[in-house]
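A.B. asks: Below is coords.cif; it holds mmCIF, C-alpha atoms.
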data_entry
#
loop_
_atom_site.group_PDB
_atom_site.id
_atom_site.type_symbol
_atom_site.label_atom_id
_atom_site.label_comp_id
_atom_site.auth_asym_id
_atom_site.auth_seq_id
_atom_site.Cartn_x
_atom_site.Cartn_y
_atom_site.Cartn_z
ATOM 1 C CA MET A 17 -49.418 -6.519 -33.087
ATOM 2 C CA GLY A 18 -49.419 -7.315 -36.728
ATOM 3 C CA LYS A 19 -51.006 -7.322 -40.119
ATOM 4 C CA ARG A 20 -51.638 -10.214 -42.510
ATOM 5 C CA PHE A 21 -51.162 -9.771 -46.253
ATOM 6 C CA LEU A 22 -51.801 -12.140 -49.140
ATOM 7 C CA ILE A 23 -48.914 -12.146 -51.619
ATOM 8 C CA GLY A 24 -49.417 -14.461 -54.581
ATOM 9 C CA GLY A 25 -51.973 -16.424 -52.563
ATOM 10 C CA TRP A 26 -49.540 -16.907 -49.635
ATOM 11 C CA PRO A 27 -50.360 -15.499 -46.193
ATOM 12 C CA VAL A 28 -47.549 -13.224 -44.971
ATOM 13 C CA ASP A 29 -47.646 -11.795 -41.452
ATOM 14 C CA LEU A 30 -45.788 -8.617 -40.519
ATOM 15 C CA MET A 31 -45.599 -8.312 -36.739
ATOM 16 C CA GLY A 32 -44.093 -5.841 -34.332
ATOM 17 C CA GLY A 33 -43.652 -6.003 -30.616
ATOM 18 C CA LEU A 34 -41.350 -5.590 -27.657
ATOM 19 C CA ASP A 35 -39.023 -8.225 -26.203
ATOM 20 C CA VAL A 36 -38.088 -8.015 -22.545
ATOM 21 C CA ALA A 37 -34.731 -9.716 -21.989
ATOM 22 C CA PHE A 38 -33.255 -10.597 -18.596
ATOM 23 C CA LEU A 39 -29.469 -10.469 -18.357
ATOM 24 C CA LEU A 40 -28.328 -13.424 -16.277
ATOM 25 C CA LYS A 41 -24.555 -13.069 -16.420
ATOM 26 C CA SER A 42 -21.833 -10.979 -18.040
ATOM 27 C CA ARG A 43 -18.119 -11.627 -17.489
ATOM 28 C CA GLU A 44 -14.876 -10.322 -18.872
ATOM 29 C CA LYS A 45 -12.239 -13.019 -18.980
ATOM 30 C CA GLY A 46 -8.943 -13.038 -20.833
ATOM 31 C CA SER A 47 -5.175 -12.858 -20.838
ATOM 32 C CA ALA A 48 -2.461 -11.082 -22.831
ATOM 33 C CA HIS A 49 0.425 -12.711 -24.649
ATOM 34 C CA GLY A 50 2.941 -10.955 -26.865
ATOM 35 C CA ILE A 51 4.589 -12.070 -30.070
ATOM 36 C CA SER A 52 7.426 -14.576 -29.861
ATOM 37 C CA ASN A 53 5.606 -16.294 -26.951
ATOM 38 C CA VAL A 54 6.301 -13.422 -24.544
ATOM 39 C CA ASP A 55 3.906 -13.785 -21.585
ATOM 40 C CA TYR A 56 2.962 -10.579 -19.801
ATOM 41 C CA HIS A 57 1.275 -12.420 -16.892
ATOM 42 C CA THR A 58 -1.824 -10.275 -17.404
ATOM 43 C CA GLU A 59 -5.181 -11.903 -16.778
ATOM 44 C CA THR A 60 -8.663 -10.665 -16.041
ATOM 45 C CA ASP A 61 -11.762 -12.395 -14.695
ATOM 46 C CA VAL A 62 -14.284 -9.717 -13.726
ATOM 47 C CA ASP A 63 -18.073 -9.615 -13.308
ATOM 48 C CA ARG A 64 -19.368 -7.047 -15.840
ATOM 49 C CA LYS A 65 -23.111 -7.309 -15.231
ATOM 50 C CA ASN A 66 -24.428 -3.789 -14.793
ATOM 51 C CA ILE A 67 -27.991 -4.007 -16.154
ATOM 52 C CA ASN A 68 -30.746 -6.488 -15.325
ATOM 53 C CA THR A 69 -33.130 -6.092 -18.261
ATOM 54 C CA ASP A 70 -33.032 -4.970 -21.861
ATOM 55 C CA LEU A 71 -35.998 -3.774 -23.909
ATOM 56 C CA ARG A 72 -35.858 -4.696 -27.585
ATOM 57 C CA PRO A 73 -38.349 -3.445 -30.190
ATOM 58 C CA ARG A 74 -38.861 -6.254 -32.714
ATOM 59 C CA LEU A 75 -40.146 -6.714 -36.264
ATOM 60 C CA GLN A 76 -40.930 -10.157 -37.624
ATOM 61 C CA LEU A 77 -42.050 -11.488 -40.987
ATOM 62 C CA SER A 78 -43.577 -14.956 -41.262
ATOM 63 C CA THR A 79 -45.515 -17.197 -43.599
ATOM 64 C CA ASP A 80 -46.941 -20.683 -43.347
ATOM 65 C CA ILE A 81 -48.184 -23.585 -45.446
ATOM 66 C CA SER A 82 -50.725 -25.746 -43.641
ATOM 67 C CA LYS A 83 -49.097 -26.369 -40.226
ATOM 68 C CA VAL A 84 -45.474 -25.491 -41.075
ATOM 69 C CA GLY A 85 -44.165 -21.957 -41.145
ATOM 70 C CA VAL A 86 -40.959 -19.965 -41.497
ATOM 71 C CA TYR A 87 -40.075 -16.638 -39.958
ATOM 72 C CA VAL A 88 -37.355 -14.014 -39.801
ATOM 73 C CA GLY A 89 -37.226 -11.337 -37.136
ATOM 74 C CA TYR A 90 -34.936 -8.553 -35.969
ATOM 75 C CA SER A 91 -34.790 -6.878 -32.572
ATOM 76 C CA TYR A 92 -32.757 -3.860 -31.488
ATOM 77 C CA GLY A 93 -31.749 -3.489 -27.837
ATOM 78 C CA LEU A 94 -32.250 -0.131 -26.132
ATOM 79 C CA MET A 95 -29.959 -0.627 -23.116
ATOM 80 C CA ASN A 96 -26.213 0.090 -23.223
ATOM 81 C CA TYR A 97 -24.530 -3.055 -21.825
ATOM 82 C CA ARG A 98 -21.417 -1.073 -20.856
ATOM 83 C CA LYS A 99 -23.203 1.848 -19.201
ATOM 84 C CA GLY A 100 -21.439 2.927 -16.017
ATOM 85 C CA LEU A 101 -18.492 0.539 -16.400
ATOM 86 C CA LEU A 102 -15.071 1.966 -15.601
ATOM 87 C CA GLY A 103 -12.945 2.144 -18.741
ATOM 88 C CA ALA A 104 -15.912 1.407 -21.015
ATOM 89 C CA ASP A 105 -15.431 4.072 -23.660
ATOM 90 C CA ARG A 106 -17.754 2.414 -26.194
ATOM 91 C CA GLU A 107 -21.464 1.739 -26.202
ATOM 92 C CA VAL A 108 -22.652 -1.860 -26.637
ATOM 93 C CA TYR A 109 -26.231 -2.729 -27.613
ATOM 94 C CA SER A 110 -27.798 -6.092 -28.421
ATOM 95 C CA ARG A 111 -28.953 -6.888 -31.935
ATOM 96 C CA MET A 112 -30.842 -10.137 -32.525
ATOM 97 C CA LEU A 113 -31.602 -11.771 -35.850
ATOM 98 C CA ARG A 114 -34.012 -14.692 -35.606
ATOM 99 C CA ILE A 115 -34.576 -17.179 -38.384
ATOM 100 C CA GLY A 116 -36.667 -20.226 -37.678
ATOM 101 C CA LEU A 117 -39.343 -22.772 -38.361
ATOM 102 C CA SER A 118 -42.691 -23.086 -36.660
ATOM 103 C CA TYR A 119 -45.228 -25.888 -36.408
ATOM 104 C CA LEU A 120 -48.877 -25.581 -35.443
ATOM 105 C CA LEU A 121 -49.812 -28.311 -32.933
ATOM 106 C CA ASN A 122 -53.565 -27.977 -33.139
#
Kindly return the structure encoded in the file as C-alpha cells.
C.D. replies:
Amino acid sequence: MGKRFLIGGWPVDLMGGLDVAFLLKSREKGSAHGISNVDYHTETDVDRKNINTDLRPRLQLSTDISKVGVYVGYSYGLMNYRKGLLGADREVYSRMLRIGLSYLLN
C-alpha cells in the first residue's frame, strides 16, 4: 500500500507493507581465550534455530527519474529470535535498513 506525492516536481512514493521472512539457519559458534594466551578449552557449536518465520512491518520511501529510482526502507521484526532458548535472558529482534537502486525494464 502506498501514496504518491509530488515534491518540487519529483514523484515520491511512501509505501507500507509486511515482509514475511523465513529463517533458514541460526548457529552459535565460538570459543573462549583468556588474557596472556590462556586457553580455557571452551568451545560451542550449537543449533539455535527456534523460529521458522518472522513478520516485519515495513515503511519505504522511493523516487525515480525516468527508469532509474532510489529507495530507502526500514522493517521491524516482530518475532523474538531467542524466545524459548535456555540461558537466553535477552530479547533479539530483527531490524532491516534497505537502501538501493531500482531500474524499470519496460
A.B. asks: Would you mind listing what lies within 7 Å of A:Leu113 as a PyMOL selection string, with all atoms listed in the file counted and same-chain residues fewer than 3 positions away left out?
C.D. replies: chain A and resi 89-91
A.B. asks: For the structure provided, state which residues fall under the PyMOL selection byres ((chain A and resi 33) around 6), and present them as a PyMOL selection string.
C.D. replies: chain A and resi 32+34+73-74
A.B. asks: So how far away is atom CA of A:Glu44 from atom CA of A:Lys65, in Å?
C.D. replies: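 Between atom CA of A:Lys65 and atom CA of A:Glu44 the gap is 9.5 Å.
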A.B. asks: Considering only C-alpha atoms, return as a compact mmCIF listing (two decimals) with C-alpha atoms, keeping the file's coordinate frame whatever protein or nucleic-acid residues lie within 10 Å of A:Lys19, sequence-local ones (same chain, fewer than 3 positions apart) excluded.
C.D. replies:
# COMPACT_ATOMS: atom_id res chain seq x y z
CA VAL A 28 -47.55 -13.22 -44.97
CA ASP A 29 -47.65 -11.80 -41.45
CA LEU A 30 -45.79 -8.62 -40.52
CA MET A 31 -45.60 -8.31 -36.74
CA GLY A 32 -44.09 -5.84 -34.33
CA LEU A 77 -42.05 -11.49 -40.99
A.B. asks: Kindly indicate which residue among A:Gly25, A:Gly116, A:Gly18, A:Gly93 lies nearest to A:Asp70, using all atoms listed in the file for the distances.
C.D. replies: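 So, comparing all the options, the nearest one is A:Gly93.
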A.B. asks: Nearest to A:Met17 among A:Val54, A:Glu107, A:Gly46, A:Gln76, with distances taken over only C-alpha atoms: which residue is it?
C.D. replies: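 Ranked by minimum distance to A:Met17, first place goes to A:Gln76.
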A.B. asks: Compare A:Pro27, A:Arg64, A:Val84, A:Asp105 by their minimum atom-to-atom distance to A:Arg43, counting only C-alpha atoms, and give me the closest one.
C.D. replies: A:Arg64
A.B. asks: Could you check how far atom CA of A:His49 sits from atom CA of A:Val108, in Å to one decimal?
C.D. replies: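 Calculated distance between atom CA of A:His49 and atom CA of A:Val108 is 25.6 Å.
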A.B. asks: Using all atoms listed in the file, which of A:Thr79, A:Tyr109, A:Arg72, A:Ser52 sits nearest A:Ile23?
C.D. replies: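 So, comparing all the options, the nearest one is A:Thr79.
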A.B. asks: Kindly indicate which residue among A:Thr69, A:Ser110, A:Ser118, A:Asn96 lies nearest to A:Val36, using all atoms listed in the file for the distances.
C.D. replies: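 With all atoms listed in the file as the atom set, the closest residue is A:Thr69.
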A.B. asks: I need the residue nearest A:Asp35 from this list: A:Leu120, A:Val88, A:Leu75, A:Ile115. Use all atoms listed in the file for the distance.
C.D. replies: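 Closest residue, counting all atoms listed in the file: A:Leu75.
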A.B. asks: Between atom CA of A:Leu39 and atom CA of A:Asn68, measure the distance and give it in Å to one decimal.
C.D. replies: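 Going from atom CA of A:Leu39 over to atom CA of A:Asn68 covers 5.2 Å.
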A.B. asks: With all atoms listed in the file as the counted atoms, please give the residues lying no more than 10 Å from A:Ser42, apart from itself and same-chain residues fewer than 5 positions off, as a list in words.
C.D. replies: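 So, after excluding close chain neighbours, the residues are Val62, Asp63, Arg64, Lys65, Asn66, Ile67 and Tyr97 of chain A.
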A.B. asks: Please determine an axis-aligned box that encloses all atoms of stretch 79-88 of chain A listed in the file, with 6 Å added on each side, and express its centre and edge lengths in Å to one decimal as JSON.
C.D. replies:
{"center_x": -44.0, "center_y": -20.2, "center_z": -42.6, "size_x": 25.4, "size_y": 24.4, "size_z": 17.6}
